[in-house]
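Q: Here you go, run_10.txt (compact mmCIF, C-alpha atoms and all ligand atoms):
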```txt
# COMPACT_ATOMS: atom_id res chain seq x y z
CA MET A 11 37.48 -12.66 16.06
CA ALA A 12 38.90 -11.69 19.44
CA ALA A 13 39.45 -7.96 19.48
CA SER A 14 42.99 -6.79 20.06
CA GLU A 15 44.46 -3.35 19.54
CA ALA A 16 46.74 -4.47 16.72
CA THR A 17 43.80 -5.46 14.52
CA PHE A 18 41.90 -2.13 14.71
CA THR A 19 41.63 -0.64 11.27
CA GLY A 20 38.78 1.77 11.77
CA PRO A 21 36.23 2.91 14.30
CA ALA A 22 36.10 0.31 17.03
CA LEU A 23 33.59 0.31 19.84
CA ARG A 24 32.25 -2.12 22.37
CA VAL A 25 28.64 -1.84 23.44
CA THR A 26 28.31 -3.17 26.98
CA ASP A 27 25.47 -3.60 29.49
CA ILE A 28 22.96 -4.58 26.80
CA GLY A 29 19.83 -5.73 28.61
CA THR A 30 18.25 -7.22 25.46
CA LEU A 31 20.14 -7.84 22.23
CA ALA A 32 17.71 -8.52 19.37
CA ALA A 33 19.99 -10.61 17.13
CA VAL A 34 17.99 -10.19 13.92
CA PRO A 35 19.40 -12.61 11.30
CA PRO A 36 20.03 -11.52 7.70
CA GLY A 37 16.89 -11.17 5.57
CA PRO A 38 14.68 -11.80 3.80
CA LEU A 39 12.73 -13.39 6.67
CA THR A 40 9.37 -15.06 6.05
CA GLY A 41 6.51 -16.56 8.07
CA ALA A 42 7.54 -17.72 11.56
CA GLN A 43 11.15 -16.59 10.94
CA MET A 44 9.94 -13.02 11.33
CA ARG A 45 8.94 -13.64 14.94
CA SER A 46 11.74 -16.07 15.88
CA ILE A 47 14.52 -13.55 16.46
CA PRO A 48 17.18 -14.81 18.90
CA ILE A 49 17.16 -12.68 22.05
CA ILE A 50 20.35 -12.49 24.11
CA ARG A 51 20.08 -11.05 27.63
CA ASP A 52 23.01 -9.30 29.34
CA ALA A 53 24.99 -9.06 26.11
CA VAL A 54 28.01 -7.35 24.61
CA LEU A 55 28.65 -6.38 20.99
CA LEU A 56 32.05 -5.53 19.51
CA ILE A 57 32.57 -3.32 16.46
CA GLU A 58 35.80 -3.32 14.46
CA ASN A 59 36.50 -1.58 11.22
CA ARG A 60 32.91 -0.23 11.11
CA ARG A 61 31.46 -3.75 11.16
CA ILE A 62 30.02 -6.08 13.74
CA ALA A 63 32.95 -8.25 14.88
CA TRP A 64 31.41 -10.22 17.78
CA PHE A 65 28.24 -10.37 19.85
CA GLY A 66 26.99 -12.65 22.58
CA PRO A 67 26.51 -13.05 26.31
CA ALA A 68 28.74 -10.74 28.39
CA ALA A 69 30.13 -13.75 30.23
CA GLU A 70 31.62 -15.08 26.96
CA ALA A 71 32.90 -11.80 25.52
CA PRO A 72 36.55 -11.67 24.41
CA ALA A 73 38.79 -9.35 26.41
CA ALA A 74 38.65 -5.97 24.69
CA ASP A 75 39.52 -3.46 27.36
CA ALA A 76 41.46 -1.27 24.94
CA ILE A 77 38.36 -0.61 22.83
CA PRO A 78 36.26 2.40 23.87
CA ALA A 79 33.03 1.32 25.53
CA LEU A 80 29.47 2.57 25.22
CA SER A 81 27.15 1.37 27.98
CA ALA A 82 23.62 0.53 26.87
CA ALA A 83 22.64 0.93 30.55
CA GLY A 84 20.52 -2.19 30.48
CA GLY A 85 18.53 -1.11 27.40
CA CYS A 86 17.88 -2.90 24.10
CA LEU A 87 20.26 -3.02 21.16
CA ILE A 88 18.66 -3.46 17.74
CA PRO A 89 19.86 -3.06 14.14
CA GLY A 90 19.57 0.48 12.77
CA LEU A 91 16.09 0.98 11.32
CA ILE A 92 15.77 1.02 7.52
CA ASP A 93 13.04 3.02 5.78
CA PRO A 94 12.69 1.43 2.31
CA HIS A 95 10.06 3.78 0.80
CA THR A 96 9.99 7.56 1.06
CA HIS A 97 9.34 10.45 -1.31
CA ILE A 98 12.10 12.62 0.16
CA PRO A 99 13.14 15.19 -1.07
CA PHE A 100 10.13 17.41 -1.59
CA ALA A 101 9.14 21.06 -1.20
CA GLY A 102 5.93 22.72 -0.03
CA GLU A 103 3.13 21.28 2.07
CA ARG A 104 -0.49 20.16 1.55
CA SER A 105 -2.10 20.49 4.96
CA GLY A 106 -5.22 21.93 3.26
CA GLU A 107 -5.78 18.59 1.49
CA PHE A 108 -5.28 16.79 4.80
CA VAL A 109 -8.12 18.78 6.35
CA ARG A 110 -10.34 18.29 3.27
CA ARG A 111 -9.91 14.53 3.69
CA ILE A 112 -10.88 14.73 7.35
CA GLY A 113 -13.99 16.52 6.05
CA GLY A 114 -14.82 13.52 3.84
CA GLU A 115 -13.09 14.01 0.45
CA SER A 116 -10.93 11.18 -0.87
CA TYR A 117 -7.28 11.22 -1.98
CA LEU A 118 -8.38 10.31 -5.51
CA SER A 119 -11.10 13.00 -5.76
CA ILE A 120 -8.67 15.67 -4.50
CA MET A 121 -6.12 14.47 -7.08
CA GLN A 122 -8.73 14.55 -9.85
CA SER A 123 -9.76 18.10 -8.93
CA GLY A 124 -6.25 19.46 -9.48
CA GLY A 125 -4.74 18.77 -6.06
CA GLY A 126 -2.36 16.01 -5.11
CA ILE A 127 1.04 15.29 -6.60
CA ARG A 128 0.79 18.13 -9.15
CA VAL A 129 0.74 20.68 -6.32
CA THR A 130 4.03 19.36 -4.97
CA THR A 131 5.42 19.23 -8.50
CA GLN A 132 4.92 23.00 -8.80
CA ALA A 133 6.83 23.58 -5.57
CA VAL A 134 9.63 21.18 -6.52
CA ARG A 135 10.01 22.70 -9.99
CA GLN A 136 10.39 26.14 -8.42
CA ALA A 137 13.02 24.98 -5.93
CA SER A 138 16.71 24.76 -6.83
CA ARG A 139 18.73 21.67 -6.05
CA ASP A 140 20.30 23.50 -3.10
CA GLU A 141 16.89 24.53 -1.78
CA LEU A 142 15.72 20.92 -1.92
CA VAL A 143 18.79 19.96 0.08
CA ARG A 144 18.23 22.73 2.65
CA LEU A 145 14.53 21.90 3.08
CA ASN A 146 15.08 18.17 3.56
CA LEU A 147 18.24 18.04 5.66
CA PRO A 148 16.37 18.73 8.94
CA ARG A 149 13.93 15.95 8.04
CA LEU A 150 16.76 13.44 7.78
CA ARG A 151 18.28 14.68 11.05
CA ARG A 152 14.95 14.09 12.78
CA MET A 153 14.73 10.62 11.24
CA LEU A 154 18.20 9.80 12.56
CA SER A 155 17.14 10.78 16.07
CA LEU A 156 14.27 8.28 15.73
CA GLY A 157 16.67 5.42 14.96
CA THR A 158 16.62 5.39 11.14
CA THR A 159 20.05 4.74 9.57
CA THR A 160 19.19 3.97 5.90
CA VAL A 161 16.46 5.67 3.84
CA GLU A 162 15.26 5.03 0.31
CA CYS A 163 14.56 8.35 -1.45
CA LYS A 164 12.47 8.73 -4.61
CA SER A 165 12.33 11.41 -7.25
CA GLY A 166 8.89 11.80 -8.82
CA TYR A 167 7.87 15.39 -8.14
CA GLY A 168 9.88 16.93 -10.99
CA LEU A 169 7.97 15.08 -13.74
CA ALA A 170 10.25 16.52 -16.42
CA PRO A 171 13.76 15.25 -17.15
CA GLU A 172 15.61 18.33 -15.83
CA HIS A 173 13.58 18.48 -12.61
CA GLU A 174 13.76 14.73 -12.02
CA LEU A 175 17.55 14.92 -12.42
CA LYS A 176 17.58 17.88 -10.02
CA GLN A 177 15.72 15.83 -7.42
CA LEU A 178 18.09 12.88 -7.85
CA ARG A 179 21.08 15.22 -7.50
CA ALA A 180 19.54 16.68 -4.35
CA ILE A 181 19.40 13.14 -2.95
CA ARG A 182 23.10 12.76 -3.71
CA GLY A 183 23.81 16.09 -1.98
CA LEU A 184 21.78 15.09 1.08
CA ASP A 185 23.58 11.75 1.24
CA LEU A 186 26.92 13.54 1.63
CA LEU A 187 25.74 15.97 4.32
CA GLN A 188 24.46 13.71 7.09
CA PRO A 189 25.00 10.18 8.49
CA ILE A 190 21.95 8.33 7.08
CA ASP A 191 22.71 6.31 3.92
CA LEU A 192 20.32 7.30 1.15
CA VAL A 193 19.32 4.81 -1.55
CA PRO A 194 18.00 6.65 -4.62
CA THR A 195 15.05 5.51 -6.76
CA TYR A 196 13.89 7.09 -10.03
CA LEU A 197 10.10 7.61 -10.02
CA GLY A 198 9.66 9.67 -13.19
CA ALA A 199 6.27 7.97 -13.77
CA HIS A 200 4.64 9.18 -10.54
CA ALA A 201 1.89 11.36 -12.05
CA LEU A 202 0.98 13.00 -15.35
CA PRO A 203 2.08 16.66 -15.29
CA VAL A 204 -0.53 19.17 -16.45
CA GLU A 205 1.29 19.98 -19.73
CA PHE A 206 0.88 16.33 -20.81
CA ASP A 207 -2.87 16.08 -20.07
CA GLY A 208 -4.37 13.47 -22.39
CA ARG A 209 -0.92 12.45 -23.65
CA ALA A 210 0.26 9.89 -21.11
CA ASP A 211 2.10 7.75 -23.65
CA GLU A 212 4.10 10.73 -24.89
CA PHE A 213 4.96 11.57 -21.30
CA ILE A 214 6.18 8.01 -20.74
CA ASP A 215 8.45 8.33 -23.76
CA THR A 216 9.87 11.57 -22.34
CA ILE A 217 10.62 10.39 -18.81
CA ALA A 218 11.61 6.88 -19.82
CA SER A 219 13.75 7.64 -22.84
CA GLU A 220 16.74 5.40 -23.31
CA GLN A 221 19.01 8.44 -23.09
CA LEU A 222 17.64 9.69 -19.75
CA LEU A 223 17.56 6.25 -18.14
CA SER A 224 21.12 5.48 -19.16
CA GLU A 225 22.30 8.89 -17.90
CA ILE A 226 20.66 8.17 -14.52
CA ALA A 227 22.20 4.72 -14.33
CA ARG A 228 25.63 5.78 -15.62
CA GLU A 229 25.95 8.60 -13.08
CA GLY A 230 24.74 6.33 -10.28
CA LEU A 231 21.86 8.74 -9.61
CA ALA A 232 19.43 5.86 -8.94
CA ARG A 233 19.61 2.17 -8.14
CA PHE A 234 15.91 1.42 -8.66
CA CYS A 235 13.07 2.55 -10.91
CA ASP A 236 9.55 2.80 -9.48
CA VAL A 237 6.16 3.52 -11.14
CA PHE A 238 2.86 4.57 -9.56
CA CYS A 239 0.70 1.94 -11.25
CA ASP A 240 -2.86 2.62 -10.12
CA ARG A 241 -6.16 4.21 -11.02
CA GLY A 242 -5.56 7.92 -11.64
CA ALA A 243 -1.86 7.24 -12.27
CA PHE A 244 -0.33 4.88 -14.88
CA THR A 245 -1.68 1.69 -16.43
CA VAL A 246 -0.07 -1.73 -16.23
CA GLU A 247 1.03 -1.41 -19.88
CA GLN A 248 2.64 1.98 -19.28
CA ALA A 249 4.37 0.77 -16.12
CA ARG A 250 5.68 -2.30 -17.95
CA ARG A 251 7.18 -0.10 -20.64
CA VAL A 252 8.97 2.16 -18.14
CA LEU A 253 10.28 -0.67 -15.98
CA GLN A 254 11.48 -2.80 -18.89
CA ARG A 255 13.44 0.11 -20.34
CA ALA A 256 14.80 0.96 -16.89
CA ALA A 257 15.89 -2.63 -16.31
CA ALA A 258 17.70 -2.59 -19.64
CA ALA A 259 19.60 0.48 -18.38
CA GLY A 260 20.45 -1.29 -15.11
CA LEU A 261 17.78 0.08 -12.75
CA LYS A 262 15.96 -2.62 -10.79
CA PRO A 263 12.14 -2.50 -10.73
CA LYS A 264 9.87 -1.48 -7.86
CA LEU A 265 6.15 -0.70 -8.02
CA HIS A 266 3.51 1.31 -6.18
CA ALA A 267 0.83 -1.34 -6.41
CA ASP A 268 -2.77 -2.02 -5.34
CA GLU A 269 -3.20 1.16 -3.28
CA LEU A 270 -6.25 2.96 -4.67
CA ALA A 271 -7.69 0.30 -7.01
CA GLN A 272 -6.99 -3.28 -8.08
CA ILE A 273 -5.69 -3.03 -11.66
CA GLY A 274 -3.23 -5.93 -11.68
CA ALA A 275 -0.13 -4.02 -10.58
CA THR A 276 1.18 -6.79 -8.32
CA LEU A 277 0.86 -9.28 -11.19
CA LEU A 278 3.17 -6.98 -13.12
CA ALA A 279 5.57 -6.84 -10.14
CA GLY A 280 5.73 -10.64 -10.30
CA GLU A 281 6.13 -10.73 -14.07
CA LEU A 282 9.08 -8.30 -13.92
CA ALA A 283 10.61 -9.91 -10.80
CA ALA A 284 10.42 -6.59 -8.99
CA VAL A 285 12.63 -6.18 -5.94
CA SER A 286 9.55 -5.00 -4.06
CA ALA A 287 5.87 -4.19 -4.48
CA ASP A 288 4.72 -1.44 -2.17
CA HIS A 289 1.35 -0.38 -0.60
CA LEU A 290 -0.76 -3.53 -1.31
CA GLU A 291 -3.87 -2.36 0.58
CA LEU A 292 -5.98 -4.05 -2.14
CA ILE A 293 -3.78 -7.03 -3.02
CA ASP A 294 -5.71 -10.12 -4.19
CA GLU A 295 -4.84 -13.83 -4.26
CA GLY A 296 -3.33 -13.63 -7.75
CA GLY A 297 -1.09 -10.74 -6.73
CA LEU A 298 -0.01 -12.55 -3.62
CA ALA A 299 1.00 -15.65 -5.57
CA ALA A 300 2.82 -13.52 -8.15
CA LEU A 301 4.91 -11.75 -5.51
CA LYS A 302 5.75 -15.02 -3.83
CA ALA A 303 6.85 -16.67 -7.06
CA ALA A 304 9.05 -13.68 -7.89
CA GLY A 305 10.63 -13.46 -4.44
CA ALA A 306 9.57 -9.82 -4.18
CA VAL A 307 9.45 -8.08 -0.82
CA ALA A 308 5.99 -6.81 0.20
CA VAL A 309 6.46 -3.28 1.52
CA VAL A 310 3.50 -2.30 3.68
CA LEU A 311 2.87 1.39 4.39
CA PRO A 312 0.43 1.64 7.29
CA GLY A 313 1.22 5.32 7.81
CA THR A 314 -0.49 6.01 4.49
CA SER A 315 -3.69 4.17 5.36
CA PHE A 316 -3.62 5.83 8.81
CA PHE A 317 -3.10 9.28 7.28
CA LEU A 318 -5.64 8.82 4.46
CA GLY A 319 -8.22 7.04 6.58
CA ILE A 320 -8.45 4.06 4.20
CA PRO A 321 -8.49 0.38 5.23
CA HIS A 322 -5.06 -0.98 6.17
CA CYS A 323 -3.24 -3.63 4.17
CA ASP A 324 -3.85 -7.05 5.69
CA ALA A 325 -0.23 -7.64 6.72
CA ARG A 326 -1.11 -10.81 8.66
CA ARG A 327 -2.34 -12.39 5.45
CA LEU A 328 0.97 -11.56 3.75
CA ILE A 329 2.99 -13.01 6.63
CA GLU A 330 0.86 -16.18 6.72
CA ALA A 331 1.45 -16.51 2.95
CA ASP A 332 5.22 -16.56 3.65
CA LEU A 333 5.98 -13.28 1.92
CA PRO A 334 8.86 -11.25 3.36
CA VAL A 335 7.02 -8.20 4.75
CA ALA A 336 8.78 -4.87 5.22
CA LEU A 337 7.40 -1.61 6.63
CA ALA A 338 8.14 1.97 5.56
CA THR A 339 6.95 5.51 6.24
CA ASP A 340 6.10 6.47 2.61
CA CYS A 341 7.07 9.93 3.90
CA ASN A 342 5.53 12.44 1.45
CA PRO A 343 3.52 15.67 1.71
CA GLY A 344 0.28 14.17 0.36
CA SER A 345 -0.53 10.76 1.75
CA SER A 346 1.84 10.30 4.69
CA MET A 347 3.57 13.32 6.21
CA ILE A 348 5.21 10.92 8.65
CA GLU A 349 8.95 10.76 9.24
CA SER A 350 8.91 8.42 12.21
CA LEU A 351 9.47 4.71 11.69
CA PRO A 352 8.71 4.11 15.38
CA LEU A 353 5.23 5.58 14.78
CA ILE A 354 4.78 3.27 11.78
CA MET A 355 5.92 0.37 13.97
CA ASN A 356 3.31 1.24 16.57
CA ILE A 357 0.54 1.40 13.96
CA ALA A 358 1.70 -1.96 12.58
CA ALA A 359 1.56 -3.53 16.05
CA CYS A 360 -1.66 -1.98 17.30
CA GLN A 361 -3.71 -1.95 14.09
CA LEU A 362 -2.17 -4.52 11.73
CA ARG A 363 -1.70 -7.01 14.60
CA MET A 364 1.95 -7.57 13.80
CA LEU A 365 3.92 -8.89 16.77
CA PRO A 366 6.82 -6.74 18.04
CA LEU A 367 9.44 -9.13 16.62
CA GLU A 368 7.64 -9.27 13.28
CA VAL A 369 7.62 -5.47 13.18
CA LEU A 370 11.32 -5.34 14.03
CA SER A 371 12.15 -7.85 11.26
CA ALA A 372 10.05 -5.76 8.87
CA CYS A 373 12.00 -2.57 9.66
CA THR A 374 15.46 -4.16 9.58
CA ALA A 375 16.24 -7.44 7.74
CA ASN A 376 13.27 -7.28 5.35
CA ALA A 377 13.60 -3.54 4.75
CA ALA A 378 17.22 -4.23 3.78
CA ALA A 379 15.98 -6.92 1.37
CA ALA A 380 13.57 -4.40 -0.18
CA LEU A 381 16.66 -2.34 -1.06
CA ASP A 382 18.83 -5.28 -2.05
CA LEU A 383 21.10 -4.54 0.92
CA HIS A 384 20.35 -7.66 2.97
CA LYS A 385 23.83 -9.14 2.57
CA ARG A 386 25.39 -6.34 4.63
CA ARG A 387 22.69 -4.44 6.50
CA GLY A 388 19.58 -4.91 8.59
CA ALA A 389 20.92 -7.70 10.81
CA ILE A 390 23.08 -8.34 13.85
CA ALA A 391 25.58 -10.63 12.16
CA ARG A 392 29.35 -10.77 12.00
CA GLY A 393 30.76 -8.70 9.15
CA PHE A 394 27.56 -6.68 8.77
CA ASP A 395 27.67 -2.87 8.85
CA ALA A 396 27.65 -1.69 12.46
CA ASP A 397 24.43 0.31 12.15
CA LEU A 398 22.82 0.01 15.57
CA VAL A 399 20.31 1.64 17.89
CA VAL A 400 20.31 1.64 21.69
CA LEU A 401 16.85 1.98 23.24
CA ASP A 402 16.22 3.03 26.82
CA THR A 403 13.79 0.16 27.38
CA PRO A 404 14.96 -3.11 28.98
CA SER A 405 12.70 -5.15 26.66
CA LEU A 406 11.33 -4.75 23.14
CA GLU A 407 7.81 -5.30 24.42
CA GLU A 408 8.12 -2.18 26.54
CA TRP A 409 9.19 -0.14 23.51
CA PHE A 410 6.01 -1.07 21.67
CA TYR A 411 3.98 -0.64 24.85
CA THR A 412 4.78 3.09 25.04
CA PRO A 413 3.77 4.60 21.66
CA GLY A 414 4.72 8.22 21.16
CA ARG A 415 7.43 8.22 23.82
CA PRO A 416 10.92 8.72 22.35
CA ARG A 417 12.98 5.74 23.44
CA VAL A 418 16.00 5.98 21.15
CA GLN A 419 19.02 6.68 23.33
CA THR A 420 21.98 6.33 20.93
CA VAL A 421 22.38 5.76 17.20
CA ILE A 422 25.53 4.17 15.76
CA LYS A 423 26.22 4.40 12.03
CA ARG A 424 29.07 2.27 10.65
CA GLY A 425 30.65 2.05 14.06
CA GLU A 426 30.42 5.74 14.94
CA ILE A 427 28.08 7.33 17.45
CA VAL A 428 26.08 9.77 15.34
CA TYR A 429 23.25 10.64 17.73
CA GLU A 430 22.88 10.65 21.48
CA ARG A 431 19.75 11.84 23.26
CA SER A 432 20.69 14.65 25.58
CA ASP A 433 18.00 14.27 28.25
CA ASP A 434 17.52 11.19 30.40
CA GLY A 435 14.03 10.55 29.06
CA ALA A 436 12.47 11.31 32.44
CA ALA A 437 9.00 12.79 32.28
O1 LIG B 1 3.07 6.63 -2.13
N1 LIG B 1 0.83 6.74 -4.18
C1 LIG B 1 1.55 7.52 -4.78
N2 LIG B 1 2.47 8.37 -4.31
C2 LIG B 1 2.57 8.74 -2.95
C3 LIG B 1 1.78 9.95 -2.67
C4 LIG B 1 2.45 11.14 -3.21
C5 LIG B 1 1.72 12.42 -2.94
O2 LIG B 1 0.50 12.44 -2.70
O3 LIG B 1 2.41 13.45 -3.00
C6 LIG B 1 2.26 7.54 -2.09
O4 LIG B 1 1.27 7.49 -1.36
FE FE B 2 4.89 6.05 -2.07
```
Step by step, read the file and then write its structure as structure tokens.
Ligand code: NIG
Ligand code: FE

A:
Amino acid sequence: MAASEATFTGPALRVTDIGTLAAVPPGPLTGAQMRSIPIIRDAVLLIENRRIAWFGPAAEAPAADAIPALSAAGGCLIPGLIDPHTHIPFAGERSGEFVRRIGGESYLSIMQSGGGIRVTTQAVRQASRDELVRLNLPRLRRMLSLGTTTVECKSGYGLAPEHELKQLRAIRGLDLLQPIDLVPTYLGAHALPVEFDGRADEFIDTIASEQLLSEIAREGLARFCDVFCDRGAFTVEQARRVLQRAAAAGLKPKLHADELAQIGATLLAGELAAVSADHLELIDEGGLAALKAAGAVAVVLPGTSFFLGIPHCDARRLIEADLPVALATDCNPGSSMIESLPLIMNIAACQLRMLPLEVLSACTANAAAALDLHKRRGAIARGFDADLVVLDTPSLEEWFYTPGRPRVQTVIKRGEIVYERSDDGAA
């Protein structure tokens, strides 16, 4: 649509002087699609009514002089980054465990000796809803400055109905206080709290009661239900029970699968047609086929393997098998105290051998698919939410070539400029 003043019904903006426009198409993207993103040089993008109204070569742009302009100064324009797996909000920190792991202990052995998730559960139970909001707001502000515009947030540290609800309500509070869109997931079956030792099935009945699940769904406190289905966490049978009940209440299934041991969790993800299966460091051929048949998104979390010092997921194998691969931070105080999607993107490129365009697809179109948002977010397409990031690099290759250097210049959320870097990036 040609932009004219009479048609403006909301924030309108024109992004000019775009050196490289990465026109990511709507997801889910698989196989070669992930690395076949159309690139438009010397481009313009028009935003009307908070959505993308037009994009293309500057020479073909409709006249839109009345619309305020933002110059990309020759940099890249990409879709806003989407982080489809985090454990925000949490309280406390576990740097002691981090150092113990560097010294040779494993995540599982630390968990089995009383550390791990239970430590964070104590801190979260002691915190009020408002404290959880106050502690996690700066985290989201930092994520915004790194180009992240949508974040999935899980409960899972309360491990009792009242504290799980408190965490979900903190997510709702955080959503209202800052520009990033938060997508809430209920992860009541994350770990067995100490008071239920030896009584896992009773715990499952408590955190997956029909009453609690329907309250969560009715109040819109979660869109998804996730279970940590792994050795040291919950069995396939227990996860099935939780996710079936959650689905009946209207919460779509997700799974933490194949991270610490191969117990058949991805087979369950396939059986339940999960929206996504996440982690997958130890996925086998059966799991791969199950995810493909179910159309589930494979969410790879290389920050976790980096942070824990365990072998990475073989993301190339997943891409070659035509699974839509997404990437996420898994931001949590135990296994990935990482807020930065750009850092995850660098690990994926340098260590998982994912090409820059594959990584970009994984953090935009496919991350949107992992949250069931791919019809309106994660792509540069007409009518899609105008969530965009301007980088100060003329090419995407150069962004990936300079790990650790902040290159996000401007962040646009639904057509509004919500972050601008104050310095000129000069070092
Ligand atoms: O995704 N794997 C299970 N849960 C988190 C870790 C949570 C924690 O250690 O606090 C994860 O890695
Ligand atoms: Fe996780």

Q: Enumerate residues in contact with ligand FE 2 (chain B): an atom-to-atom distance of at most 12 Å, counting all atoms listed in the file. Format the result as number ranges by chain.

A: A: 93-98, 127, 162-167, 195, 197, 199-201, 236-240, 264-270, 287-290, 309-315, 337-348

Q: Can I get the selected residues back with C-alpha atoms, as a tab-separated table (two decimals), in the coordinates of the input?

A:
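Resulting contents of part_13.tsv:
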```tsv
chain	number	residue	atom	x	y	z
A	93	ASP	CA	13.04	3.02	5.78
A	94	PRO	CA	12.69	1.43	2.31
A	95	HIS	CA	10.06	3.78	0.80
A	96	THR	CA	9.99	7.56	1.06
A	97	HIS	CA	9.34	10.45	-1.31
A	98	ILE	CA	12.10	12.62	0.16
A	127	ILE	CA	1.04	15.29	-6.60
A	162	GLU	CA	15.26	5.03	0.31
A	163	CYS	CA	14.56	8.35	-1.45
A	164	LYS	CA	12.47	8.73	-4.61
A	165	SER	CA	12.33	11.41	-7.25
A	166	GLY	CA	8.89	11.80	-8.82
A	167	TYR	CA	7.87	15.39	-8.14
A	195	THR	CA	15.05	5.51	-6.76
A	197	LEU	CA	10.10	7.61	-10.02
A	199	ALA	CA	6.27	7.97	-13.77
A	200	HIS	CA	4.64	9.18	-10.54
A	201	ALA	CA	1.89	11.36	-12.05
A	236	ASP	CA	9.55	2.80	-9.48
A	237	VAL	CA	6.16	3.52	-11.14
A	238	PHE	CA	2.86	4.57	-9.56
A	239	CYS	CA	0.70	1.94	-11.25
A	240	ASP	CA	-2.86	2.62	-10.12
A	264	LYS	CA	9.87	-1.48	-7.86
A	265	LEU	CA	6.15	-0.70	-8.02
A	266	HIS	CA	3.51	1.31	-6.18
A	267	ALA	CA	0.83	-1.34	-6.41
A	268	ASP	CA	-2.77	-2.02	-5.34
A	269	GLU	CA	-3.20	1.16	-3.28
A	270	LEU	CA	-6.25	2.96	-4.67
A	287	ALA	CA	5.87	-4.19	-4.48
A	288	ASP	CA	4.72	-1.44	-2.17
A	289	HIS	CA	1.35	-0.38	-0.60
A	290	LEU	CA	-0.76	-3.53	-1.31
A	309	VAL	CA	6.46	-3.28	1.52
A	310	VAL	CA	3.50	-2.30	3.68
A	311	LEU	CA	2.87	1.39	4.39
A	312	PRO	CA	0.43	1.64	7.29
A	313	GLY	CA	1.22	5.32	7.81
A	314	THR	CA	-0.49	6.01	4.49
A	315	SER	CA	-3.69	4.17	5.36
A	337	LEU	CA	7.40	-1.61	6.63
A	338	ALA	CA	8.14	1.97	5.56
A	339	THR	CA	6.95	5.51	6.24
A	340	ASP	CA	6.10	6.47	2.61
A	341	CYS	CA	7.07	9.93	3.90
A	342	ASN	CA	5.53	12.44	1.45
A	343	PRO	CA	3.52	15.67	1.71
A	344	GLY	CA	0.28	14.17	0.36
A	345	SER	CA	-0.53	10.76	1.75
A	346	SER	CA	1.84	10.30	4.69
A	347	MET	CA	3.57	13.32	6.21
A	348	ILE	CA	5.21	10.92	8.65
```

Q: Considering all atoms listed in the file, return as JSON, numbers by chain whatever protein or nucleic-acid residues lie within 6 Å of segment 75-86 of chain A, sequence-local ones (same chain, fewer than 3 positions apart) excluded.

A: {"A": [23, 24, 25, 26, 27, 28, 29, 30, 31, 400, 401, 402, 403, 404]}

Q: In terms of the shortest atom-to-atom distance over all atoms listed in the file, which of A:Glu247, A:Glu107, A:Asp52, A:Asp211 is closest to ligand LIG 1 (chain B)?

A: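 The answer is A:Glu107, which sits nearest to ligand LIG 1 (chain B).
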
Q: So which one's closest to Glu212 of chain A, A:Ala170, A:Arg233, A:Ser432, A:Ser405? Using only C-alpha atoms, please.

A: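 Once distances to Glu212 of chain A are computed over only C-alpha atoms, the minimum belongs to A:Ala170.
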
Q: Using all atoms listed in the file, which of the listed residues (A:Leu292, A:Ala284, A:Glu225, A:Ala259) sits closest to Gln272 of chain A?

A: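 The answer is A:Leu292, which sits nearest to Gln272 of chain A.
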
Q: Could you please determine the separation between atom CA of Arg241 of chain A and atom CA of Ile273 of chain A in Å, to one decimal place?

A: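 Taking atom CA of Arg241 of chain A and atom CA of Ile273 of chain A, their separation equals 7.3 Å.
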
Q: So, counting all atoms listed in the file, which residue among A:Phe316, A:Glu103, A:Leu381, A:Arg135 is closest to Asp191 of chain A?

A: A:Leu381

Q: Counting all atoms listed in the file, which residues have an atom no more than 10 Å from (1.7, 15.7, -16.7) in the file's coordinates? Please list them as a VMD selection string.

A: chain A and resid 128 131 169 to 170 199 to 210 212 to 214

Q: Measuring between all atoms listed in the file, which one of A:Leu187, A:Ile120, A:Ala391, A:Leu175 shows the shortest distance to Ile217 of chain A?

A: A:Leu175

Q: Counting only C-alpha atoms, which residue out of A:Leu365, A:Ile320, A:Val285, A:Leu56 sits closest to Asp395 of chain A?

A: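 Ranking A:Leu365, A:Ile320, A:Val285, A:Leu56 by distance to Asp395 of chain A, first place goes to A:Leu56.
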
Q: Residues near Arg179 of chain A, anyone? I mean within 12 Å using all atoms listed in the file, not counting same-chain ones fewer than 3 positions away, as a ChimeraX atom specification.

A: /A:99,138-143,163-165,168,172-176,182-186,192,194-196,226,229-232

Q: Please save C-alpha atoms of the selected residues as a short mmCIF file (atom, residue, chain, number, x, y, z; two decimals), keeping the file's coordinate frame.

A:
```cif
data_model
loop_
_atom_site.label_atom_id
_atom_site.label_comp_id
_atom_site.auth_asym_id
_atom_site.auth_seq_id
_atom_site.Cartn_x
_atom_site.Cartn_y
_atom_site.Cartn_z
CA PRO A 99 13.14 15.19 -1.07
CA SER A 138 16.71 24.76 -6.83
CA ARG A 139 18.73 21.67 -6.05
CA ASP A 140 20.30 23.50 -3.10
CA GLU A 141 16.89 24.53 -1.78
CA LEU A 142 15.72 20.92 -1.92
CA VAL A 143 18.79 19.96 0.08
CA CYS A 163 14.56 8.35 -1.45
CA LYS A 164 12.47 8.73 -4.61
CA SER A 165 12.33 11.41 -7.25
CA GLY A 168 9.88 16.93 -10.99
CA GLU A 172 15.61 18.33 -15.83
CA HIS A 173 13.58 18.48 -12.61
CA GLU A 174 13.76 14.73 -12.02
CA LEU A 175 17.55 14.92 -12.42
CA LYS A 176 17.58 17.88 -10.02
CA ARG A 182 23.10 12.76 -3.71
CA GLY A 183 23.81 16.09 -1.98
CA LEU A 184 21.78 15.09 1.08
CA ASP A 185 23.58 11.75 1.24
CA LEU A 186 26.92 13.54 1.63
CA LEU A 192 20.32 7.30 1.15
CA PRO A 194 18.00 6.65 -4.62
CA THR A 195 15.05 5.51 -6.76
CA TYR A 196 13.89 7.09 -10.03
CA ILE A 226 20.66 8.17 -14.52
CA GLU A 229 25.95 8.60 -13.08
CA GLY A 230 24.74 6.33 -10.28
CA LEU A 231 21.86 8.74 -9.61
CA ALA A 232 19.43 5.86 -8.94
#
```
